[in-house]
Amino acid sequence: MRSSSPTQSGGRPPAPGEVRIDAVSAPDDFQAIGMRINERLSAWNESDTRSTLCFHSVSALLDAAALEDVFRFLHLLNGWLASKGVLAHFHLDPRRADDRAINILRPLFDVVFEI
């Protein structure tokens, strides 16, 4: 694995292998989040490198939006990422989500790591 330094949003698109950190101002604006992800992944379309998405944090989505809306967004996002061959991992702080939310979201993911 090549080490990379993170870059903030703005400026040129990152080259494959670089890390880009983007934040959104409204975690309940699913359309803006989806568009931002699409923009970043589109910048790497011509690369043979597999894109990886780290989604931090599902907890922020749950704090800002209804569980059903978060589920729907993540379900659609996962399907779209899979169709693009993107490897993704998602972070959720179990101290910020109740058991019901965790159990509802769990089937969306192939593997769940608990630390």
# chains A, B, ... in the order shown; residues from 1 in each chain; ligands from 1

call {"tool": "residues_around", "arguments": {"residues": "Leu77 of chain A", "least_positions_apart": "4", "cutoff": "8 Å", "atoms": "only C-alpha atoms", "output": "list in words"}}
result
Gly34, Phe73 and Leu81 of chain A

call {"tool": "write_last_selection", "arguments": {"atoms": "N, CA, C and O atoms", "output": "compact mmCIF listing (two decimals), in the first residue's frame"}}
result
# COMPACT_ATOMS: atom_id res chain seq x y z
N GLY A 34 -24.21 12.34 -2.10
CA GLY A 34 -24.10 11.48 -3.28
C GLY A 34 -23.39 12.17 -4.43
O GLY A 34 -22.56 11.56 -5.10
N PHE A 73 -30.85 5.75 1.98
CA PHE A 73 -29.67 6.36 1.36
C PHE A 73 -28.52 5.36 1.29
O PHE A 73 -27.88 5.20 0.24
N LEU A 81 -22.21 2.02 -5.43
CA LEU A 81 -20.77 1.78 -5.26
C LEU A 81 -20.38 0.40 -5.79
O LEU A 81 -19.37 0.25 -6.46

call {"tool": "select_by_dssp", "arguments": {"residues": "chain A", "states": "helix (DSSP H, G or I)", "output": "NGL selection string"}}
result
:A and (30-42 or 58-64 or 67-83 or 94-96 or 99-108)

call {"tool": "closest_residue", "arguments": {"among": "A:Phe71, A:Trp44, A:Phe90, A:Trp80", "to": "His56 of chain A", "atoms": "only C-alpha atoms"}}
result
A:Phe90

call {"tool": "closest_residue", "arguments": {"among": "A:Thr52, A:Ser57, A:Asn45, A:Asn103", "to": "Glu18 of chain A", "atoms": "only C-alpha atoms"}}
result
A:Thr52

call {"tool": "select_by_dssp", "arguments": {"residues": "segment 27-91 of chain A", "states": "strand (DSSP E or B)", "output": "list in words"}}
result
Thr52, Leu53, Cys54, Phe55, His56, Leu87, Ala88, His89, Phe90 and His91 of chain A

call {"tool": "write_last_selection", "arguments": {"atoms": "all heavy atoms", "output": "CSV table (one decimal), in the first residue's frame"}}
result
chain,number,residue,atom,x,y,z
A,52,THR,N,-11.5,3.3,-3.3
A,52,THR,CA,-11.9,2.9,-1.9
A,52,THR,C,-12.6,4.1,-1.3
A,52,THR,O,-12.0,5.2,-1.3
A,52,THR,CB,-10.7,2.4,-1.1
A,52,THR,OG1,-10.1,1.3,-1.7
A,52,THR,CG2,-11.2,2.0,0.3
A,53,LEU,N,-13.7,3.9,-0.7
A,53,LEU,CA,-14.4,5.0,0.0
A,53,LEU,C,-14.5,4.7,1.5
A,53,LEU,O,-14.9,3.6,1.9
A,53,LEU,CB,-15.8,5.1,-0.6
A,53,LEU,CG,-16.8,6.0,0.2
A,53,LEU,CD1,-16.4,7.5,-0.1
A,53,LEU,CD2,-18.2,5.8,-0.2
A,54,CYS,N,-14.1,5.6,2.3
A,54,CYS,CA,-14.3,5.5,3.7
A,54,CYS,C,-15.4,6.5,4.1
A,54,CYS,O,-15.2,7.7,3.9
A,54,CYS,CB,-13.0,5.9,4.4
A,54,CYS,SG,-13.2,6.1,6.2
A,55,PHE,N,-16.5,6.0,4.5
A,55,PHE,CA,-17.6,6.9,4.9
A,55,PHE,C,-17.6,7.1,6.4
A,55,PHE,O,-18.0,6.2,7.1
A,55,PHE,CB,-18.9,6.2,4.4
A,55,PHE,CG,-20.1,7.2,4.4
A,55,PHE,CD1,-20.5,7.8,3.2
A,55,PHE,CD2,-20.8,7.5,5.5
A,55,PHE,CE1,-21.6,8.6,3.2
A,55,PHE,CE2,-21.8,8.4,5.5
A,55,PHE,CZ,-22.2,8.9,4.4
A,56,HIS,N,-17.3,8.3,6.8
A,56,HIS,CA,-17.2,8.6,8.2
A,56,HIS,C,-18.0,9.8,8.5
A,56,HIS,O,-17.7,10.9,8.0
A,56,HIS,CB,-15.7,8.8,8.6
A,56,HIS,CG,-15.6,9.0,10.1
A,56,HIS,ND1,-15.6,8.0,11.0
A,56,HIS,CD2,-15.4,10.1,10.8
A,56,HIS,CE1,-15.4,8.5,12.2
A,56,HIS,NE2,-15.3,9.8,12.1
A,87,LEU,N,-14.7,-0.3,-3.4
A,87,LEU,CA,-14.7,-0.9,-2.1
A,87,LEU,C,-15.0,0.2,-1.1
A,87,LEU,O,-14.4,1.3,-1.1
A,87,LEU,CB,-13.3,-1.5,-1.9
A,87,LEU,CG,-13.0,-2.1,-0.5
A,87,LEU,CD1,-13.9,-3.3,-0.3
A,87,LEU,CD2,-11.6,-2.5,-0.4
A,88,ALA,N,-15.9,-0.1,-0.2
A,88,ALA,CA,-16.3,1.0,0.7
A,88,ALA,C,-16.4,0.4,2.1
A,88,ALA,O,-16.7,-0.8,2.3
A,88,ALA,CB,-17.7,1.5,0.4
A,89,HIS,N,-16.0,1.2,3.1
A,89,HIS,CA,-16.3,0.9,4.5
A,89,HIS,C,-16.9,2.1,5.2
A,89,HIS,O,-16.6,3.2,4.8
A,89,HIS,CB,-15.0,0.4,5.2
A,89,HIS,CG,-13.9,1.4,5.3
A,89,HIS,ND1,-13.0,1.6,4.3
A,89,HIS,CD2,-13.6,2.2,6.3
A,89,HIS,CE1,-12.1,2.5,4.7
A,89,HIS,NE2,-12.5,2.9,5.8
A,90,PHE,N,-17.7,1.8,6.2
A,90,PHE,CA,-18.5,2.8,6.8
A,90,PHE,C,-18.3,2.7,8.3
A,90,PHE,O,-18.1,1.6,8.9
A,90,PHE,CB,-20.0,2.5,6.6
A,90,PHE,CG,-20.4,2.6,5.1
A,90,PHE,CD1,-20.1,1.6,4.2
A,90,PHE,CD2,-21.0,3.8,4.6
A,90,PHE,CE1,-20.5,1.7,2.9
A,90,PHE,CE2,-21.4,3.9,3.3
A,90,PHE,CZ,-21.1,2.8,2.4
A,91,HIS,N,-18.2,3.8,9.0
A,91,HIS,CA,-18.0,3.9,10.4
A,91,HIS,C,-19.3,4.3,11.1
A,91,HIS,O,-20.0,5.2,10.7
A,91,HIS,CB,-16.9,4.9,10.7
A,91,HIS,CG,-15.6,4.6,10.1
A,91,HIS,ND1,-14.6,4.0,10.9
A,91,HIS,CD2,-15.1,4.6,8.9
A,91,HIS,CE1,-13.5,3.8,10.1
A,91,HIS,NE2,-13.8,4.2,8.9

call {"tool": "closest_residue", "arguments": {"among": "A:Ser47, A:Asn78, A:Asn38, A:Ser25", "to": "Phe109 of chain A", "atoms": "only C-alpha atoms"}}
result
A:Asn78

call {"tool": "closest_residue", "arguments": {"among": "A:Asp63, A:Asp110, A:Asp69, A:Asp48", "to": "Leu92 of chain A", "atoms": "only C-alpha atoms"}}
result
A:Asp63

call {"tool": "atom_distance", "arguments": {"atom1": "atom CA of Arg40 of chain A", "atom2": "atom CA of Arg20 of chain A"}}
result
8.5 Å

call {"tool": "atom_distance", "arguments": {"atom1": "atom CA of Gln31 of chain A", "atom2": "atom CA of Val111 of chain A"}}
result
25.8 Å

call {"tool": "closest_residue", "arguments": {"among": "A:Glu39, A:Asp29, A:Asp99, A:Asp93", "to": "Phe113 of chain A", "atoms": "only C-alpha atoms"}}
result
A:Asp93
